[in-house]
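The file start.cif comes next; it holds mmCIF, C-alpha atoms.
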data_my_file
loop_
_atom_site.label_atom_id
_atom_site.label_comp_id
_atom_site.auth_asym_id
_atom_site.auth_seq_id
_atom_site.Cartn_x
_atom_site.Cartn_y
_atom_site.Cartn_z
CA MET O 1 -8.30 23.53 -10.19
CA ARG O 2 -7.21 22.02 -13.50
CA ILE O 3 -4.74 19.17 -13.63
CA ILE O 4 -3.34 16.89 -16.31
CA THR O 5 -4.19 13.25 -15.80
CA LYS O 6 -2.83 10.09 -17.38
CA ALA O 7 -6.27 8.56 -17.79
CA TYR O 8 -8.38 11.52 -18.88
CA GLY O 9 -6.00 14.26 -19.96
CA ASP O 10 -6.74 17.78 -18.83
CA MET O 11 -9.52 17.91 -16.24
CA GLU O 12 -11.02 20.00 -13.48
CA ILE O 13 -10.83 18.67 -9.94
CA ASP O 14 -12.02 19.88 -6.57
CA GLU O 15 -9.46 20.83 -3.92
CA LYS O 16 -11.05 18.17 -1.73
CA GLN O 17 -9.61 15.54 -4.06
CA LEU O 18 -6.03 16.54 -3.27
CA VAL O 19 -4.04 14.11 -1.13
CA GLY O 20 -0.52 14.64 0.15
CA PHE O 21 1.86 11.70 0.53
CA PRO O 22 4.66 13.35 2.56
CA SER O 23 6.87 10.26 2.36
CA GLY O 24 5.67 9.35 -1.10
CA ILE O 25 4.84 5.87 -2.30
CA LEU O 26 7.52 3.17 -2.24
CA GLY O 27 9.80 3.63 -5.22
CA PHE O 28 8.26 7.07 -5.90
CA GLU O 29 9.27 8.92 -2.77
CA LYS O 30 9.88 12.22 -4.53
CA PHE O 31 6.26 12.60 -5.57
CA THR O 32 4.20 13.94 -2.69
CA ARG O 33 1.25 15.77 -4.30
CA TRP O 34 -1.54 13.62 -5.64
CA ALA O 35 -5.24 13.73 -6.47
CA LEU O 36 -7.79 10.99 -5.95
CA LEU O 37 -10.15 10.57 -8.91
CA ASP O 38 -13.12 8.32 -9.57
CA ALA O 39 -12.39 6.10 -12.55
CA LYS O 40 -15.09 5.89 -15.20
CA GLN O 41 -14.92 2.13 -14.73
CA LYS O 42 -16.36 1.12 -11.39
CA PRO O 43 -15.23 0.28 -8.80
CA PHE O 44 -11.83 1.78 -9.52
CA TYR O 45 -10.18 5.05 -8.54
CA TYR O 46 -7.03 6.72 -9.79
CA LEU O 47 -4.32 8.29 -7.71
CA GLN O 48 -2.88 10.88 -10.06
CA SER O 49 0.43 12.65 -9.44
CA LEU O 50 0.17 16.42 -9.78
CA GLU O 51 3.89 16.61 -10.40
CA LEU O 52 4.16 14.09 -13.23
CA PRO O 53 1.09 13.44 -15.44
CA GLU O 54 2.35 10.00 -16.54
CA LEU O 55 2.37 8.88 -12.92
CA ALA O 56 -1.00 7.43 -11.95
CA PHE O 57 -2.07 4.35 -10.04
CA ALA O 58 -5.40 2.57 -10.34
CA LEU O 59 -6.89 1.79 -6.93
CA ILE O 60 -9.68 -0.33 -5.52
CA ASP O 61 -11.39 -0.61 -2.15
CA PRO O 62 -9.95 -3.98 -1.01
CA PHE O 63 -12.96 -4.77 1.18
CA ILE O 64 -15.07 -5.14 -1.98
CA PHE O 65 -13.43 -8.45 -2.83
CA ARG O 66 -11.90 -9.42 0.53
CA THR O 67 -14.41 -8.86 3.29
CA ASP O 68 -11.91 -10.52 5.64
CA TYR O 69 -9.18 -8.00 4.89
CA SER O 70 -7.66 -6.48 7.99
CA LEU O 71 -4.70 -4.24 8.72
CA ASP O 72 -2.60 -4.07 11.81
CA VAL O 73 -0.94 -0.68 11.73
CA ALA O 74 0.46 0.94 14.87
CA ASP O 75 -1.39 3.97 16.23
CA GLU O 76 1.93 5.82 16.21
CA VAL O 77 2.29 5.17 12.48
CA LEU O 78 -1.29 6.31 11.77
CA GLY O 79 -0.57 9.36 13.90
CA ILE O 80 2.05 10.45 11.37
CA ILE O 81 -0.73 11.09 8.86
CA GLY O 82 -3.04 12.51 11.51
CA ILE O 83 -5.35 9.52 12.00
CA THR O 84 -6.46 9.05 15.60
CA ASP O 85 -9.74 7.32 14.85
CA ALA O 86 -10.00 4.32 12.51
CA ALA O 87 -13.20 5.82 11.05
CA ASP O 88 -11.06 8.59 9.59
CA ALA O 89 -8.97 6.11 7.55
CA ILE O 90 -9.64 5.35 3.91
CA VAL O 91 -7.90 2.16 2.80
CA LEU O 92 -7.23 1.55 -0.89
CA ALA O 93 -5.19 -1.09 -2.68
CA ILE O 94 -3.06 -0.40 -5.76
CA VAL O 95 -4.25 -2.31 -8.83
CA THR O 96 -2.06 -3.93 -11.46
CA ALA O 97 -3.69 -4.64 -14.81
CA PRO O 98 -1.04 -6.29 -17.00
CA ALA O 99 -0.96 -4.55 -20.38
CA GLU O 100 -0.33 -7.95 -22.00
CA GLY O 101 -3.49 -9.35 -20.42
CA GLY O 102 -3.96 -11.67 -17.48
CA PRO O 103 -5.78 -11.22 -14.22
CA ILE O 104 -6.20 -7.81 -12.65
CA THR O 105 -4.57 -7.93 -9.24
CA ALA O 106 -4.54 -5.76 -6.14
CA ASN O 107 -1.66 -5.25 -3.74
CA LEU O 108 -2.90 -6.04 -0.24
CA ALA O 109 0.59 -6.15 1.32
CA GLY O 110 1.19 -2.45 0.70
CA PRO O 111 -2.18 -0.69 1.03
CA LEU O 112 -2.57 3.06 0.86
CA ILE O 113 -4.03 4.62 3.99
CA ILE O 114 -5.46 8.12 3.65
CA SER O 115 -6.87 10.33 6.37
CA ARG O 116 -10.33 11.46 5.32
CA ASN O 117 -10.13 14.73 7.23
CA GLY O 118 -6.50 15.74 6.71
CA ARG O 119 -6.23 14.26 3.20
CA VAL O 120 -2.76 12.95 3.94
CA GLY O 121 -1.74 9.47 2.92
CA MET O 122 0.94 6.84 3.27
CA GLN O 123 1.72 3.40 1.93
CA ALA O 124 1.68 0.86 4.74
CA ILE O 125 3.74 -2.32 4.71
CA LEU O 126 1.93 -5.23 6.31
CA ALA O 127 3.85 -8.11 7.84
CA ASP O 128 0.84 -10.48 7.76
CA PRO O 129 1.70 -13.31 5.30
CA ARG O 130 -1.99 -13.60 4.30
CA TRP O 131 -1.68 -10.36 2.35
CA GLN O 132 0.42 -10.56 -0.79
CA VAL O 133 1.34 -8.03 -3.47
CA LYS O 134 -0.86 -9.79 -6.06
CA HIS O 135 -4.43 -10.82 -5.27
CA ASP O 136 -6.56 -11.82 -8.25
CA ILE O 137 -9.59 -9.57 -7.73
CA MET O 138 -12.20 -11.51 -9.70
CA ALA O 139 -11.03 -14.95 -8.52
CA GLU O 140 -11.11 -13.93 -4.88
CA LEU O 141 -14.46 -12.23 -5.27
CA ALA O 142 -15.85 -15.47 -6.72
CA ALA O 143 -14.22 -17.51 -3.93
CA SER O 144 -15.69 -15.29 -1.23
CA LYS O 145 -19.16 -15.64 -2.76
CA SER O 146 -18.99 -19.43 -3.01
CA GLY O 147 -17.56 -19.68 0.50
CA ILE O 148 -20.62 -18.14 2.12
CA MET S 1 28.51 0.04 7.42
CA LEU S 2 29.24 -0.87 11.01
CA ILE S 3 29.90 -4.58 11.39
CA LEU S 4 29.78 -6.18 14.83
CA SER S 5 30.47 -9.80 15.73
CA ARG S 6 27.96 -11.31 18.14
CA ARG S 7 27.55 -14.76 19.67
CA LEU S 8 24.32 -16.56 20.45
CA ASN S 9 22.20 -14.64 22.99
CA GLU S 10 24.35 -11.54 22.74
CA LYS S 11 22.65 -8.26 21.96
CA ILE S 12 23.13 -4.97 20.19
CA VAL S 13 21.53 -1.81 21.55
CA ILE S 14 20.57 0.89 19.04
CA GLY S 15 19.69 4.27 20.45
CA ASP S 16 17.63 4.40 23.64
CA ASP S 17 14.95 1.88 22.90
CA ILE S 18 15.98 -0.67 20.30
CA VAL S 19 17.57 -3.98 21.23
CA VAL S 20 18.58 -6.59 18.67
CA SER S 21 19.39 -10.07 19.94
CA ILE S 22 20.74 -13.19 18.28
CA VAL S 23 18.18 -15.82 19.28
CA GLU S 24 19.29 -18.83 17.27
CA VAL S 25 22.02 -19.74 14.81
CA ARG S 26 21.66 -22.88 12.74
CA GLY S 27 23.75 -23.32 9.60
CA ASP S 28 23.16 -20.24 7.44
CA LEU S 29 19.93 -19.33 9.24
CA VAL S 30 20.06 -16.72 11.97
CA LYS S 31 17.04 -15.90 14.11
CA ILE S 32 17.09 -12.32 15.28
CA GLY S 33 14.89 -10.84 17.98
CA ILE S 34 14.08 -7.15 17.74
CA GLU S 35 12.63 -5.14 20.58
CA ALA S 36 11.58 -1.69 19.42
CA PRO S 37 8.75 0.78 19.96
CA ARG S 38 5.69 0.07 17.79
CA SER S 39 6.36 3.26 15.85
CA VAL S 40 9.66 1.89 14.55
CA LYS S 41 8.99 0.11 11.28
CA VAL S 42 10.80 -3.20 10.98
CA TYR S 43 10.49 -5.18 7.76
CA ARG S 44 12.17 -8.02 5.98
CA GLU S 45 13.92 -6.40 3.03
CA GLU S 46 12.15 -8.72 0.56
CA VAL S 47 8.72 -7.42 1.61
CA PHE S 48 9.86 -3.86 1.09
CA GLU S 49 11.32 -4.71 -2.32
CA ALA S 50 8.27 -6.73 -3.39
CA ILE S 51 6.00 -3.75 -2.71
CA GLN S 52 8.32 -1.40 -4.57
CA ALA S 53 8.42 -3.77 -7.54
CA GLU S 54 4.63 -4.14 -7.49
CA ASN S 55 4.22 -0.35 -7.46
CA ARG S 56 6.35 -0.21 -10.61
CA ALA S 57 4.30 -3.00 -12.22
CA ALA S 58 1.09 -1.16 -11.32
CA LEU S 59 2.41 1.95 -12.98
CA ALA S 60 3.08 0.04 -16.18
CA SER S 61 -0.51 -1.21 -16.10
CA ASP S 62 -3.02 -0.76 -18.80
CA ILE S 63 -4.55 2.57 -17.87
CA VAL S 64 -7.83 1.61 -19.51
CA LEU S 65 -9.42 -0.65 -16.95
CA PRO S 66 -12.41 -2.87 -17.61
CA SER S 67 -15.51 -2.26 -15.53
CA LEU S 68 -15.76 -5.11 -13.07
CA ASP S 69 -19.14 -6.71 -12.90
CA ILE S 70 -19.52 -6.86 -9.16
CA PRO S 71 -23.11 -7.54 -8.14
CA GLY S 72 -24.48 -5.57 -5.23
CA LEU S 73 -21.94 -2.82 -5.57
CA SER S 74 -23.59 0.33 -4.33
CA LYS S 75 -21.51 2.98 -5.94
#

Using the file provided, produce a representation of the structure as structure tokens.
Amino acid sequence: MRIITKAYGDMEIDEKQLVGFPSGILGFEKFTRWALLDAKQKPFYYLQSLELPELAFALIDPFIFRTDYSLDVADEVLGIIGITDAADAIVLAIVTAPAEGGPITANLAGPLIISRNGRVGMQAILADPRWQVKHDIMAELAASKSGI
Amino acid sequence: MLILSRRLNEKIVIGDDIVVSIVEVRGDLVKIGIEAPRSVKVYREEVFEAIQAENRAALASDIVLPSLDIPGLSK
């Protein structure tokens, strides 16, 4: 199917890239139909709204720069999006790249969890104080390398 | 909004399985205990608001991202 994207304009996507967020994303609860795209710049992805082309989030796999990242989400909560097995969960963090420059950060306090099979997602809210809304991706990647 | 007055160690029961208790009161700090099923999401409001605000900031991001030079990335 063809969709209009913020990053790449009009493009063809596969139905397998569609992801529903039945309760939306915090602050954007009305938007429930999204598509997951590979960004041309690795290792990023985009979550593109099908309902509003200007609405797109850049995402990153948080485990790339924080191998110690962990989430404690109740089975009942995961059950809402049809996840019964942790292997079925895709975890992605929303990226903020300030237009005025400055470090590119990832939000590890509110990760997106998507069921691989059902292609349904949600934004989790983690209570763990280790995970903040802004983690400097490159700085933490460097720190994890030097720490080993 | 329903407003209830409670003293130290008194509780409020919400529905069948949620109990809120006043654990400690010191000056303007109140410690509240919440017993609820794991499926009930309980957050400090600030955390909720911080994530909402960060989502908005992310949306205002530069859509043209740099490629990150991450060695050993098998993608």

- request: For chain O, report every residue with an atom at most 10 Å from chain S (counting all atoms listed in the file), formatted as a ChimeraX atom specification.
  value: /O:6-8,25-28,39-44,46,54-59,64-65,73-80,94-101,104-111,123-127,129,132-134,137-138,141-142

message: For the provided coordinates, the residues matched by the PyMOL selection byres ((chain O and resi 2) around 8) should be stated as a list of chain:residue names.
response: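 This file, filtered by the PyMOL selection byres ((chain O and resi 2) around 8), leaves O:Met1, O:Ile3, O:Ile4, O:Asp10, O:Met11, O:Glu12, O:Ile13.
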
task: Work out how far atom CA of S:Asp17 is from atom CA of O:Leu71, in Å to one decimal.
output: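 For atom CA of O:Leu71 relative to atom CA of S:Asp17, the distance reads 25.0 Å.
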
- line: Taken to one decimal, the atom CA of S:Ile34-atom CA of S:Lys11 distance is 9.6 Å

query: Suppose you want the space between atom CA of S:Arg26 and atom CA of S:Arg7; what is it in Å?
result: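 About the pair atom CA of S:Arg26 and atom CA of S:Arg7: they are 12.2 Å apart.
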
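This file gives the following result for the PyMOL selection byres ((chain S and resi 9) around 10): Arg6, Arg7, Leu8, Glu10, Lys11, Val20, Ser21, Ile22, Val23, Glu24, Val25, Ile32 and Gly33 of chain S.
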
Picked residues, the PyMOL selection byres ((chain O and resi 31) around 12), as a ChimeraX atom specification: /O:19-30,32-35,47-56,122

Go ahead and save the picked residues with C-alpha atoms, as a PDB file, keeping the file's coordinate frame.
ATOM      1  CA  VAL O  19      -4.040  14.110  -1.130  1.00  0.00           C
ATOM      2  CA  GLY O  20      -0.520  14.640   0.150  1.00  0.00           C
ATOM      3  CA  PHE O  21       1.860  11.700   0.530  1.00  0.00           C
ATOM      4  CA  PRO O  22       4.660  13.350   2.560  1.00  0.00           C
ATOM      5  CA  SER O  23       6.870  10.260   2.360  1.00  0.00           C
ATOM      6  CA  GLY O  24       5.670   9.350  -1.100  1.00  0.00           C
ATOM      7  CA  ILE O  25       4.840   5.870  -2.300  1.00  0.00           C
ATOM      8  CA  LEU O  26       7.520   3.170  -2.240  1.00  0.00           C
ATOM      9  CA  GLY O  27       9.800   3.630  -5.220  1.00  0.00           C
ATOM     10  CA  PHE O  28       8.260   7.070  -5.900  1.00  0.00           C
ATOM     11  CA  GLU O  29       9.270   8.920  -2.770  1.00  0.00           C
ATOM     12  CA  LYS O  30       9.880  12.220  -4.530  1.00  0.00           C
ATOM     13  CA  THR O  32       4.200  13.940  -2.690  1.00  0.00           C
ATOM     14  CA  ARG O  33       1.250  15.770  -4.300  1.00  0.00           C
ATOM     15  CA  TRP O  34      -1.540  13.620  -5.640  1.00  0.00           C
ATOM     16  CA  ALA O  35      -5.240  13.730  -6.470  1.00  0.00           C
ATOM     17  CA  LEU O  47      -4.320   8.290  -7.710  1.00  0.00           C
ATOM     18  CA  GLN O  48      -2.880  10.880 -10.060  1.00  0.00           C
ATOM     19  CA  SER O  49       0.430  12.650  -9.440  1.00  0.00           C
ATOM     20  CA  LEU O  50       0.170  16.420  -9.780  1.00  0.00           C
ATOM     21  CA  GLU O  51       3.890  16.610 -10.400  1.00  0.00           C
ATOM     22  CA  LEU O  52       4.160  14.090 -13.230  1.00  0.00           C
ATOM     23  CA  PRO O  53       1.090  13.440 -15.440  1.00  0.00           C
ATOM     24  CA  GLU O  54       2.350  10.000 -16.540  1.00  0.00           C
ATOM     25  CA  LEU O  55       2.370   8.880 -12.920  1.00  0.00           C
ATOM     26  CA  ALA O  56      -1.000   7.430 -11.950  1.00  0.00           C
ATOM     27  CA  MET O 122       0.940   6.840   3.270  1.00  0.00           C
TER      28      MET O 122
END

field: stretch 81-86 of chain O environment, 7 Å, all atoms listed in the file, sequence neighbours closer than 6 positions dropped, as a PyMOL selection string
entry: chain O and resi 115+118+120-121
